[in-house]
file query-v5.txt (compact mmCIF, C-alpha atoms)
# COMPACT_ATOMS: atom_id res chain seq x y z
CA MET I 1 -26.42 -20.20 -28.53
CA ASP I 2 -24.65 -17.95 -31.02
CA ALA I 3 -27.62 -15.60 -31.36
CA PRO I 4 -27.32 -12.29 -29.54
CA ALA I 5 -29.30 -11.98 -26.32
CA PRO I 6 -32.51 -9.93 -26.35
CA TYR I 7 -32.19 -6.52 -24.71
CA VAL I 8 -34.48 -4.40 -22.55
CA HIS I 9 -34.37 -0.72 -23.49
CA TRP I 10 -36.09 1.58 -20.98
CA GLY I 11 -35.11 5.23 -21.20
CA PHE I 12 -31.36 5.46 -20.70
CA ILE I 13 -31.23 1.90 -19.33
CA LEU I 14 -30.08 -0.76 -21.80
CA ILE I 15 -29.49 -4.22 -20.37
CA SER I 16 -29.57 -7.76 -21.74
CA VAL I 17 -32.35 -10.02 -20.49
CA PRO I 18 -29.86 -12.60 -19.06
CA ASN I 19 -28.16 -9.89 -16.99
CA LEU I 20 -31.52 -8.51 -15.86
CA VAL I 21 -32.68 -11.99 -14.81
CA LEU I 22 -29.40 -12.55 -12.93
CA ILE I 23 -29.80 -9.29 -10.98
CA GLY I 24 -33.38 -10.32 -10.14
CA VAL I 25 -32.22 -13.73 -8.90
CA MET I 26 -29.52 -12.10 -6.76
CA LEU I 27 -32.04 -9.72 -5.19
CA LEU I 28 -34.37 -12.66 -4.51
CA LEU I 29 -31.51 -14.67 -2.98
CA PHE I 30 -30.57 -11.74 -0.74
CA VAL I 31 -34.13 -11.32 0.54
CA ILE I 32 -34.44 -15.07 1.16
CA ALA I 33 -31.16 -15.00 3.10
CA LEU I 34 -32.57 -12.26 5.34
CA VAL I 35 -35.83 -14.00 6.20
CA ALA I 36 -35.11 -17.74 5.92
CA PRO I 37 -34.50 -19.45 9.29
CA PHE I 38 -30.93 -20.58 9.84
CA PRO I 39 -30.46 -24.13 11.13
CA ALA I 40 -28.87 -24.04 14.59
CA HIS I 41 -26.75 -26.77 16.13
CA ARG I 42 -27.29 -27.17 19.84
CA GLY I 43 -24.44 -25.62 21.80
CA SER I 44 -22.47 -24.57 18.74
CA ARG I 45 -23.31 -20.93 19.04
CA GLU I 46 -23.51 -18.52 21.89
CA ARG I 47 -23.73 -14.82 22.45
CA ARG I 48 -20.40 -13.36 23.36
CA ASP I 49 -20.30 -10.08 25.17
CA ASP I 50 -16.63 -9.41 24.54
CA GLN I 51 -17.25 -7.98 21.08
CA MET H 1 20.44 -29.46 50.12
CA THR H 2 16.91 -28.71 51.20
CA SER H 3 13.84 -27.90 49.26
CA ASP H 4 10.48 -26.58 50.25
CA PRO H 5 7.71 -28.22 48.11
CA ALA H 6 5.16 -25.64 49.27
CA ALA H 7 7.41 -22.80 48.20
CA GLU H 8 8.02 -24.46 44.83
CA ARG H 9 4.27 -24.92 44.26
CA SER H 10 3.68 -21.33 45.26
CA ALA H 11 6.33 -20.12 42.87
CA ALA H 12 4.90 -22.22 40.06
CA ALA H 13 1.39 -20.95 40.67
CA ALA H 14 2.45 -17.32 40.86
CA PRO H 15 1.60 -15.28 37.77
CA GLN H 16 4.51 -15.33 35.43
CA VAL H 17 5.81 -11.93 34.52
CA ALA H 18 6.56 -12.20 30.86
CA ALA H 19 10.09 -11.12 30.30
CA ARG H 20 10.14 -9.30 27.01
CA GLU H 21 12.71 -10.87 24.77
CA PRO H 22 14.80 -8.56 22.66
CA GLY H 23 14.73 -8.63 18.88
CA TRP H 24 12.25 -8.00 16.10
CA THR H 25 11.22 -11.64 15.75
CA ALA H 26 10.05 -11.70 19.38
CA ALA H 27 8.27 -8.37 18.90
CA ILE H 28 6.38 -9.71 15.85
CA ARG H 29 5.55 -12.95 17.66
CA ASP H 30 4.22 -11.08 20.69
CA ARG H 31 2.15 -8.79 18.50
CA VAL H 32 0.63 -11.70 16.55
CA GLU H 33 -0.16 -13.59 19.75
CA ARG H 34 -1.76 -10.47 21.23
CA THR H 35 -3.83 -9.38 18.22
CA LEU H 36 -4.78 -12.77 16.83
CA PRO H 37 -4.82 -15.61 19.37
CA ILE H 38 -5.48 -19.04 17.89
CA THR H 39 -8.85 -19.22 19.66
CA GLU H 40 -10.02 -16.24 17.59
CA LEU H 41 -8.46 -17.53 14.38
CA LEU H 42 -10.18 -20.92 14.62
CA PRO H 43 -13.20 -20.37 16.88
CA THR H 44 -15.58 -23.17 17.82
CA ARG H 45 -18.37 -20.82 18.90
CA GLN H 46 -19.89 -17.78 17.27
CA PRO H 47 -22.18 -15.01 18.51
CA ALA H 48 -25.89 -15.78 18.20
CA TYR H 49 -26.40 -13.08 15.59
CA VAL H 50 -24.06 -14.90 13.18
CA GLY H 51 -26.86 -17.45 12.73
CA SER H 52 -28.12 -15.93 9.47
CA TRP H 53 -27.78 -16.94 5.84
CA VAL H 54 -26.39 -13.47 5.09
CA TYR H 55 -23.13 -14.49 6.77
CA VAL H 56 -22.86 -17.52 4.47
CA PHE H 57 -22.27 -15.36 1.38
CA GLY H 58 -18.64 -14.61 2.29
CA VAL H 59 -17.84 -18.27 2.88
CA VAL H 60 -19.44 -19.27 -0.44
CA THR H 61 -17.31 -16.61 -2.15
CA ILE H 62 -14.18 -18.19 -0.67
CA ALA H 63 -15.37 -21.66 -1.76
CA ALA H 64 -15.86 -20.36 -5.30
CA LEU H 65 -12.39 -18.83 -5.24
CA VAL H 66 -10.91 -22.21 -4.28
CA TRP H 67 -12.57 -23.79 -7.33
CA VAL H 68 -11.40 -20.91 -9.53
CA VAL H 69 -7.80 -21.48 -8.43
CA ILE H 70 -7.94 -25.29 -8.76
CA SER H 71 -9.51 -25.23 -12.23
CA GLY H 72 -7.18 -22.38 -13.25
CA VAL H 73 -4.09 -24.38 -12.27
CA VAL H 74 -5.35 -27.31 -14.41
CA LEU H 75 -6.03 -25.01 -17.38
CA ALA H 76 -2.59 -23.38 -17.10
CA PHE H 77 -0.94 -26.79 -16.94
CA PHE H 78 -2.47 -28.14 -20.18
CA GLY H 79 -2.86 -24.97 -22.25
CA SER H 80 -5.34 -23.32 -24.57
CA ALA H 81 -5.41 -26.02 -27.28
CA TRP H 82 -6.44 -28.54 -24.62
CA TRP H 83 -9.21 -26.42 -23.11
CA HIS H 84 -10.69 -25.71 -26.56
CA VAL H 85 -10.40 -29.12 -28.24
CA SER H 86 -10.72 -31.92 -25.70
CA SER H 87 -13.97 -32.64 -23.88
CA ILE H 88 -12.26 -32.81 -20.48
CA GLY H 89 -10.52 -29.52 -21.30
CA ARG H 90 -13.84 -27.87 -22.10
CA PHE H 91 -15.20 -29.31 -18.86
CA PHE H 92 -12.46 -27.64 -16.80
CA ASN H 93 -12.83 -24.47 -18.85
CA SER H 94 -16.53 -24.43 -17.91
CA ILE H 95 -15.75 -25.10 -14.25
CA HIS H 96 -13.36 -22.14 -14.29
CA PHE H 97 -15.92 -19.88 -15.98
CA TRP H 98 -18.88 -20.80 -13.77
CA ALA H 99 -16.80 -20.73 -10.59
CA VAL H 100 -15.87 -17.15 -11.49
CA GLN H 101 -19.57 -16.35 -12.00
CA MET H 102 -20.34 -17.80 -8.55
CA PHE H 103 -17.38 -15.87 -7.07
CA PHE H 104 -18.70 -12.55 -8.34
CA ILE H 105 -22.37 -13.26 -7.59
CA PHE H 106 -21.69 -14.16 -3.96
CA MET H 107 -19.05 -11.46 -3.54
CA VAL H 108 -21.67 -8.86 -4.53
CA LEU H 109 -24.25 -10.47 -2.21
CA HIS H 110 -21.63 -10.37 0.59
CA LEU H 111 -20.98 -6.71 -0.30
CA TRP H 112 -24.71 -5.91 -0.05
CA GLY H 113 -24.93 -7.62 3.33
CA GLN H 114 -21.94 -5.71 4.69
CA PHE H 115 -23.04 -2.39 3.18
CA TRP H 116 -26.57 -2.44 4.64
CA GLY H 117 -25.24 -3.93 7.87
CA ALA H 118 -22.55 -1.19 8.02
CA GLY H 119 -19.84 -3.80 8.44
CA TRP H 120 -17.15 -1.11 8.81
CA ARG H 121 -18.32 -0.13 12.31
CA ASP H 122 -16.29 -0.43 15.51
CA GLY H 123 -12.78 -0.38 14.07
CA ARG H 124 -13.48 -2.50 11.00
CA ALA H 125 -12.85 0.23 8.37
CA ARG H 126 -9.65 -1.43 7.15
CA THR H 127 -11.49 -4.74 6.74
CA TRP H 128 -14.08 -2.97 4.58
CA MET H 129 -11.41 -1.19 2.49
CA VAL H 130 -9.47 -4.40 1.87
CA GLY H 131 -12.76 -5.91 0.67
CA VAL H 132 -13.18 -3.00 -1.74
CA VAL H 133 -9.65 -3.55 -3.07
CA ILE H 134 -10.36 -7.29 -3.49
CA PHE H 135 -13.44 -6.40 -5.55
CA LEU H 136 -11.46 -4.05 -7.82
CA VAL H 137 -8.51 -6.45 -8.30
CA SER H 138 -11.00 -9.25 -9.03
CA LEU H 139 -12.55 -7.15 -11.80
CA VAL H 140 -9.16 -6.69 -13.47
CA THR H 141 -8.37 -10.39 -13.00
CA ALA H 142 -11.65 -11.43 -14.63
CA PHE H 143 -11.07 -8.94 -17.44
CA THR H 144 -7.64 -10.41 -18.26
CA GLY H 145 -9.27 -13.86 -18.12
CA TYR H 146 -11.76 -12.85 -20.81
CA LEU H 147 -8.84 -11.54 -22.90
CA ILE H 148 -6.91 -14.82 -22.90
CA GLN H 149 -9.67 -17.22 -23.88
CA GLN H 150 -8.02 -17.57 -27.31
CA ASN H 151 -11.27 -17.32 -29.27
CA PHE H 152 -13.15 -14.69 -31.26
CA ASP H 153 -14.87 -13.47 -28.13
CA SER H 154 -11.55 -12.56 -26.50
CA GLN H 155 -10.37 -10.84 -29.70
CA TRP H 156 -13.57 -8.79 -29.83
CA ILE H 157 -13.20 -7.78 -26.18
CA ALA H 158 -9.51 -6.89 -26.61
CA VAL H 159 -10.04 -4.75 -29.72
CA ASN H 160 -12.85 -2.83 -28.07
CA ALA H 161 -11.17 -2.54 -24.67
CA LYS H 162 -7.88 -1.20 -26.03
CA ASP H 163 -9.56 2.11 -26.88
CA ALA H 164 -11.02 2.39 -23.39
CA VAL H 165 -7.70 1.53 -21.72
CA ASN H 166 -5.74 3.86 -24.05
CA SER H 167 -8.09 6.72 -23.20
CA THR H 168 -7.05 6.38 -19.55
CA GLY H 169 -3.38 6.68 -20.44
CA LEU H 170 -2.56 3.17 -19.21
CA GLY H 171 -2.17 1.74 -22.71
CA GLY H 172 1.61 2.04 -22.57
CA LEU H 173 1.78 -0.24 -19.53
CA PHE H 174 -1.31 -2.38 -20.06
CA ASN H 175 -1.63 -3.58 -23.67
CA VAL H 176 -4.84 -5.63 -23.75
CA THR H 177 -4.03 -6.98 -27.24
CA ASN H 178 -0.74 -8.47 -25.96
CA PHE H 179 -1.70 -12.07 -25.15
CA GLY H 180 1.57 -12.87 -23.38
CA GLN H 181 1.27 -9.90 -21.04
CA MET H 182 -2.40 -10.57 -20.27
CA TYR H 183 -1.76 -14.29 -19.76
CA GLY H 184 1.13 -13.63 -17.38
CA LEU H 185 -0.91 -11.14 -15.37
CA HIS H 186 -3.93 -13.45 -15.26
CA VAL H 187 -2.20 -16.66 -14.16
CA MET H 188 0.41 -15.17 -11.84
CA LEU H 189 0.24 -11.61 -10.55
CA PHE H 190 -3.48 -11.01 -10.13
CA PRO H 191 -4.48 -14.44 -8.70
CA VAL H 192 -1.68 -14.24 -6.13
CA GLY H 193 -2.81 -10.71 -5.28
CA VAL H 194 -6.46 -11.70 -4.87
CA THR H 195 -5.57 -14.75 -2.77
CA LEU H 196 -3.25 -12.81 -0.44
CA LEU H 197 -5.82 -10.04 -0.04
CA VAL H 198 -8.54 -12.60 0.75
CA VAL H 199 -6.29 -14.20 3.40
CA LEU H 200 -5.67 -10.74 4.88
CA HIS H 201 -9.42 -10.05 4.79
CA ILE H 202 -10.20 -13.27 6.67
CA VAL H 203 -7.52 -12.54 9.29
CA GLN H 204 -8.98 -9.04 9.75
CA VAL H 205 -12.47 -10.47 10.22
CA ARG H 206 -11.23 -13.05 12.72
CA SER H 207 -9.16 -10.54 14.70
CA ARG H 208 -12.18 -8.35 15.49
CA GLY H 209 -14.99 -10.85 15.16
CA VAL H 210 -18.23 -10.35 13.24
CA VAL H 211 -19.76 -6.90 13.67
CA ARG H 212 -22.89 -6.68 15.80
CA PRO H 213 -26.23 -6.05 14.08
CA ILE H 214 -27.22 -2.38 14.00
CA ASP H 215 -30.35 -2.93 16.11
CA ASP H 216 -28.43 -4.91 18.78
CA PRO H 217 -28.60 -2.88 22.05
CA ALA H 218 -24.99 -3.76 22.79
CA ALA H 219 -23.89 -2.40 19.41
CA ALA H 220 -24.16 1.18 20.70
CA ASP H 221 -21.96 0.33 23.68
CA ALA H 222 -19.39 -1.35 21.45
CA HIS H 223 -19.43 1.65 19.13
CA ALA H 224 -18.93 4.05 22.04
CA ALA H 225 -16.06 1.95 23.37
CA GLY H 226 -14.48 1.72 19.94
CA SER H 227 -14.68 5.43 19.22
CA SER H 228 -13.49 6.60 22.60
call {"tool": "encode", "arguments": {"input": "query-v5.txt", "output": "structure tokens"}}
result
Amino acid sequence: MDAPAPYVHWGFILISVPNLVLIGVMLLLFVIALVAPFPAHRGSRERRDDQ
Amino acid sequence: MTSDPAAERSAAAAPQVAAREPGWTAAIRDRVERTLPITELLPTRQPAYVGSWVYVFGVVTIAALVWVVISGVVLAFFGSAWWHVSSIGRFFNSIHFWAVQMFFIFMVLHLWGQFWGAGWRDGRARTWMVGVVIFLVSLVTAFTGYLIQQNFDSQWIAVNAKDAVNSTGLGGLFNVTNFGQMYGLHVMLFPVGVTLLVVLHIVQVRSRGVVRPIDDPAAADAHAAGSS
């Protein structure tokens, strides 16, 4: 736990592997949120035309 | 003395002309009632397009903030010796740390969703800007949190950060090696600021509703109406 994290060095980009993994997980989560079906409760949602 | 029940019913059913009361309290009350009716503040129904996981990110961010505040109050109550030495103290310290991680992760996901959905459309520019300010104040709040951990990590961060802060000219006001100043800012000023801004952000979202998706045919009409 006290050892320094490994780093990825690509050109001018220098980032720790934990941070890189976290960004990847966030991107994956965002894509899943876009495509995953959202559970709908009957009658709890409607289209409003006043907005 | 005579009375006409039909006339009384007619008078009761007639539209009431609201007599404007004098005074600034009545003016504020009327404005609040007009801009933010309780049905918009606590709605039971949402537009169909809100049925997406993307709209959950903002709510999860608020949930994380609640845990940050609760765990932070406990940590402030018992102090740094407690959160370093006792097992229950370390547990609450970890809750505080990981709740902050969740807060930032989901705040950035919420930011992505609003950026690519152009959430500032149709009169929502102020809502977007308040969100930007929340993000910036949260960064400073988290930074002061790292500075007051009372361990070698916080000392390392403070000694390195002082040069960066001094180079901006803010070192005279914002001394990152001053534990008392950083602690006071972290447990009082910044959390209150973030919380108030989040409340304002939520009220702004509720007052105008969730923005329509870009590809919604009615979005163009709403945009035309809003810009006219």
call {"tool": "atom_distance", "arguments": {"input": "query-v5.txt", "atom1": "CA of Ile32 (chain I)", "atom2": "CA of Pro6 (chain I)"}}
result
28.1 Å
call {"tool": "closest_residue", "arguments": {"input": "query-v5.txt", "among": "H:Asp153, H:Val74, H:Val54, H:Phe104", "to": "Asp2 (chain I)", "atoms": "only C-alpha atoms"}}
result
H:Asp153
call {"tool": "closest_residue", "arguments": {"input": "query-v5.txt", "among": "H:Gly184, H:Gly193, H:Gly89, H:Gly51", "to": "chain I", "atoms": "all atoms listed in the file"}}
result
H:Gly51
call {"tool": "residues_around", "arguments": {"input": "query-v5.txt", "residues": "region 33-37 of chain H", "least_positions_apart": "4", "cutoff": "10 Å", "atoms": "all atoms listed in the file", "output": "list of chain:residue names"}}
result
H:Ala27, H:Ile28, H:Arg29, H:Leu41, H:Leu42, H:Pro43, H:Val203, H:Gln204, H:Arg206, H:Ser207, H:Arg208
call {"tool": "interface_residues", "arguments": {"input": "query-v5.txt", "of": "chain H", "to": "chain I", "cutoff": "7 Å", "atoms": "all atoms listed in the file", "output": "list of chain:residue names"}}
result
H:Arg45, H:Gln46, H:Pro47, H:Ala48, H:Gly51, H:Ser52, H:Trp53, H:Val54, H:Leu109, H:Gly209, H:Ala222
call {"tool": "residues_around", "arguments": {"input": "query-v5.txt", "residues": "His84 (chain H)", "least_positions_apart": "5", "cutoff": "9 Å", "atoms": "all atoms listed in the file", "output": "PyMOL selection string"}}
result
chain H and resi 79+89-90+93+149-151
call {"tool": "residues_around", "arguments": {"input": "query-v5.txt", "residues": "Met129 (chain H)", "least_positions_apart": "2", "cutoff": "12 Å", "atoms": "only C-alpha atoms", "output": "VMD selection string"}}
result
chain H and resid 111 114 to 115 119 to 120 123 to 127 131 to 136 197 to 198 200 to 201 204
call {"tool": "closest_residue", "arguments": {"input": "query-v5.txt", "among": "H:Ala64, H:Val108, H:Ala118, H:Leu189", "to": "Thr144 (chain H)", "atoms": "all atoms listed in the file"}}
result
H:Leu189
call {"tool": "residues_around", "arguments": {"input": "query-v5.txt", "residues": "Val8 (chain I)", "least_positions_apart": "4", "cutoff": "9 Å", "atoms": "all atoms listed in the file", "output": "PyMOL selection string"}}
result
chain I and resi 13-17+20
call {"tool": "residues_around", "arguments": {"input": "query-v5.txt", "residues": "Thr177 (chain H)", "least_positions_apart": "4", "cutoff": "12 Å", "atoms": "all atoms listed in the file", "output": "number ranges by chain"}}
result
H: 144, 146-148, 150, 154-163, 165-166, 171-173, 181-183
call {"tool": "atom_distance", "arguments": {"input": "query-v5.txt", "atom1": "CA of Leu28 (chain I)", "atom2": "CA of Trp116 (chain H)"}}
result
15.8 Å
call {"tool": "atom_distance", "arguments": {"input": "query-v5.txt", "atom1": "CA of Phe143 (chain H)", "atom2": "CA of Val205 (chain H)"}}
result
27.7 Å
call {"tool": "closest_residue", "arguments": {"input": "query-v5.txt", "among": "H:Val85, H:Val130, H:Phe91, H:Ala99", "to": "Val199 (chain H)", "atoms": "all atoms listed in the file"}}
result
H:Val130
call {"tool": "closest_residue", "arguments": {"input": "query-v5.txt", "among": "H:Thr141, H:Ser80, H:Asn175, H:Thr61", "to": "Phe103 (chain H)", "atoms": "only C-alpha atoms"}}
result
H:Thr61
call {"tool": "build_atoms", "arguments": {"input": "query-v5.txt", "residues": "region 59-93 of chain H", "atoms": "N, CA and C atoms", "output": "short mmCIF file (atom, residue, chain, number, x, y, z; two decimals), in the frame of the given file"}}
result
data_model
loop_
_atom_site.label_atom_id
_atom_site.label_comp_id
_atom_site.auth_asym_id
_atom_site.auth_seq_id
_atom_site.Cartn_x
_atom_site.Cartn_y
_atom_site.Cartn_z
N VAL H 59 -18.45 -16.93 2.91
CA VAL H 59 -17.84 -18.27 2.88
C VAL H 59 -18.02 -18.91 1.51
N VAL H 60 -19.21 -18.73 0.91
CA VAL H 60 -19.44 -19.27 -0.44
C VAL H 60 -18.51 -18.60 -1.45
N THR H 61 -18.26 -17.32 -1.26
CA THR H 61 -17.31 -16.61 -2.15
C THR H 61 -15.93 -17.23 -2.06
N ILE H 62 -15.49 -17.55 -0.84
CA ILE H 62 -14.18 -18.19 -0.67
C ILE H 62 -14.18 -19.57 -1.32
N ALA H 63 -15.28 -20.32 -1.15
CA ALA H 63 -15.37 -21.66 -1.76
C ALA H 63 -15.27 -21.56 -3.28
N ALA H 64 -15.94 -20.55 -3.85
CA ALA H 64 -15.86 -20.36 -5.30
C ALA H 64 -14.44 -20.01 -5.73
N LEU H 65 -13.76 -19.20 -4.91
CA LEU H 65 -12.39 -18.83 -5.24
C LEU H 65 -11.48 -20.05 -5.25
N VAL H 66 -11.71 -20.97 -4.32
CA VAL H 66 -10.91 -22.21 -4.28
C VAL H 66 -11.08 -22.98 -5.60
N TRP H 67 -12.32 -23.09 -6.07
CA TRP H 67 -12.57 -23.79 -7.33
C TRP H 67 -11.97 -23.03 -8.51
N VAL H 68 -12.02 -21.71 -8.47
CA VAL H 68 -11.40 -20.91 -9.53
C VAL H 68 -9.90 -21.22 -9.61
N VAL H 69 -9.25 -21.25 -8.45
CA VAL H 69 -7.80 -21.48 -8.43
C VAL H 69 -7.48 -22.90 -8.89
N ILE H 70 -8.22 -23.89 -8.38
CA ILE H 70 -7.94 -25.29 -8.76
C ILE H 70 -8.12 -25.49 -10.26
N SER H 71 -9.25 -25.05 -10.80
CA SER H 71 -9.51 -25.23 -12.23
C SER H 71 -8.53 -24.39 -13.06
N GLY H 72 -8.14 -23.22 -12.55
CA GLY H 72 -7.18 -22.38 -13.25
C GLY H 72 -5.81 -23.02 -13.34
N VAL H 73 -5.38 -23.69 -12.26
CA VAL H 73 -4.09 -24.38 -12.27
C VAL H 73 -4.12 -25.49 -13.33
N VAL H 74 -5.22 -26.24 -13.41
CA VAL H 74 -5.35 -27.31 -14.41
C VAL H 74 -5.30 -26.73 -15.83
N LEU H 75 -6.02 -25.64 -16.06
CA LEU H 75 -6.03 -25.01 -17.38
C LEU H 75 -4.64 -24.51 -17.77
N ALA H 76 -3.93 -23.90 -16.83
CA ALA H 76 -2.59 -23.38 -17.10
C ALA H 76 -1.63 -24.51 -17.40
N PHE H 77 -1.85 -25.65 -16.76
CA PHE H 77 -0.94 -26.79 -16.94
C PHE H 77 -1.05 -27.37 -18.35
N PHE H 78 -2.28 -27.46 -18.90
CA PHE H 78 -2.47 -28.14 -20.18
C PHE H 78 -2.56 -27.18 -21.38
N GLY H 79 -2.91 -25.93 -21.16
CA GLY H 79 -2.86 -24.97 -22.25
C GLY H 79 -4.14 -24.78 -23.04
N SER H 80 -4.12 -23.75 -23.90
CA SER H 80 -5.34 -23.32 -24.57
C SER H 80 -5.85 -24.32 -25.61
N ALA H 81 -4.95 -25.02 -26.32
CA ALA H 81 -5.41 -26.02 -27.28
C ALA H 81 -6.23 -27.10 -26.57
N TRP H 82 -5.76 -27.49 -25.39
CA TRP H 82 -6.44 -28.54 -24.62
C TRP H 82 -7.82 -28.08 -24.17
N TRP H 83 -7.91 -26.84 -23.66
CA TRP H 83 -9.21 -26.42 -23.11
C TRP H 83 -10.22 -26.08 -24.20
N HIS H 84 -9.75 -25.95 -25.45
CA HIS H 84 -10.69 -25.71 -26.56
C HIS H 84 -11.10 -27.00 -27.27
N VAL H 85 -10.18 -27.97 -27.36
CA VAL H 85 -10.40 -29.12 -28.24
C VAL H 85 -10.94 -30.32 -27.51
N SER H 86 -10.33 -30.69 -26.38
CA SER H 86 -10.72 -31.92 -25.70
C SER H 86 -11.97 -31.69 -24.85
N SER H 87 -12.74 -32.75 -24.68
CA SER H 87 -13.97 -32.64 -23.88
C SER H 87 -13.65 -32.37 -22.42
N ILE H 88 -12.62 -33.04 -21.88
CA ILE H 88 -12.26 -32.81 -20.48
C ILE H 88 -11.70 -31.40 -20.30
N GLY H 89 -11.02 -30.90 -21.35
CA GLY H 89 -10.52 -29.52 -21.30
C GLY H 89 -11.66 -28.52 -21.27
N ARG H 90 -12.67 -28.77 -22.10
CA ARG H 90 -13.84 -27.87 -22.10
C ARG H 90 -14.58 -27.94 -20.76
N PHE H 91 -14.57 -29.15 -20.17
CA PHE H 91 -15.20 -29.31 -18.86
C PHE H 91 -14.51 -28.43 -17.81
N PHE H 92 -13.17 -28.47 -17.78
CA PHE H 92 -12.46 -27.64 -16.80
C PHE H 92 -12.57 -26.16 -17.14
N ASN H 93 -12.62 -25.86 -18.44
CA ASN H 93 -12.83 -24.47 -18.85
C ASN H 93 -14.17 -23.96 -18.32
#
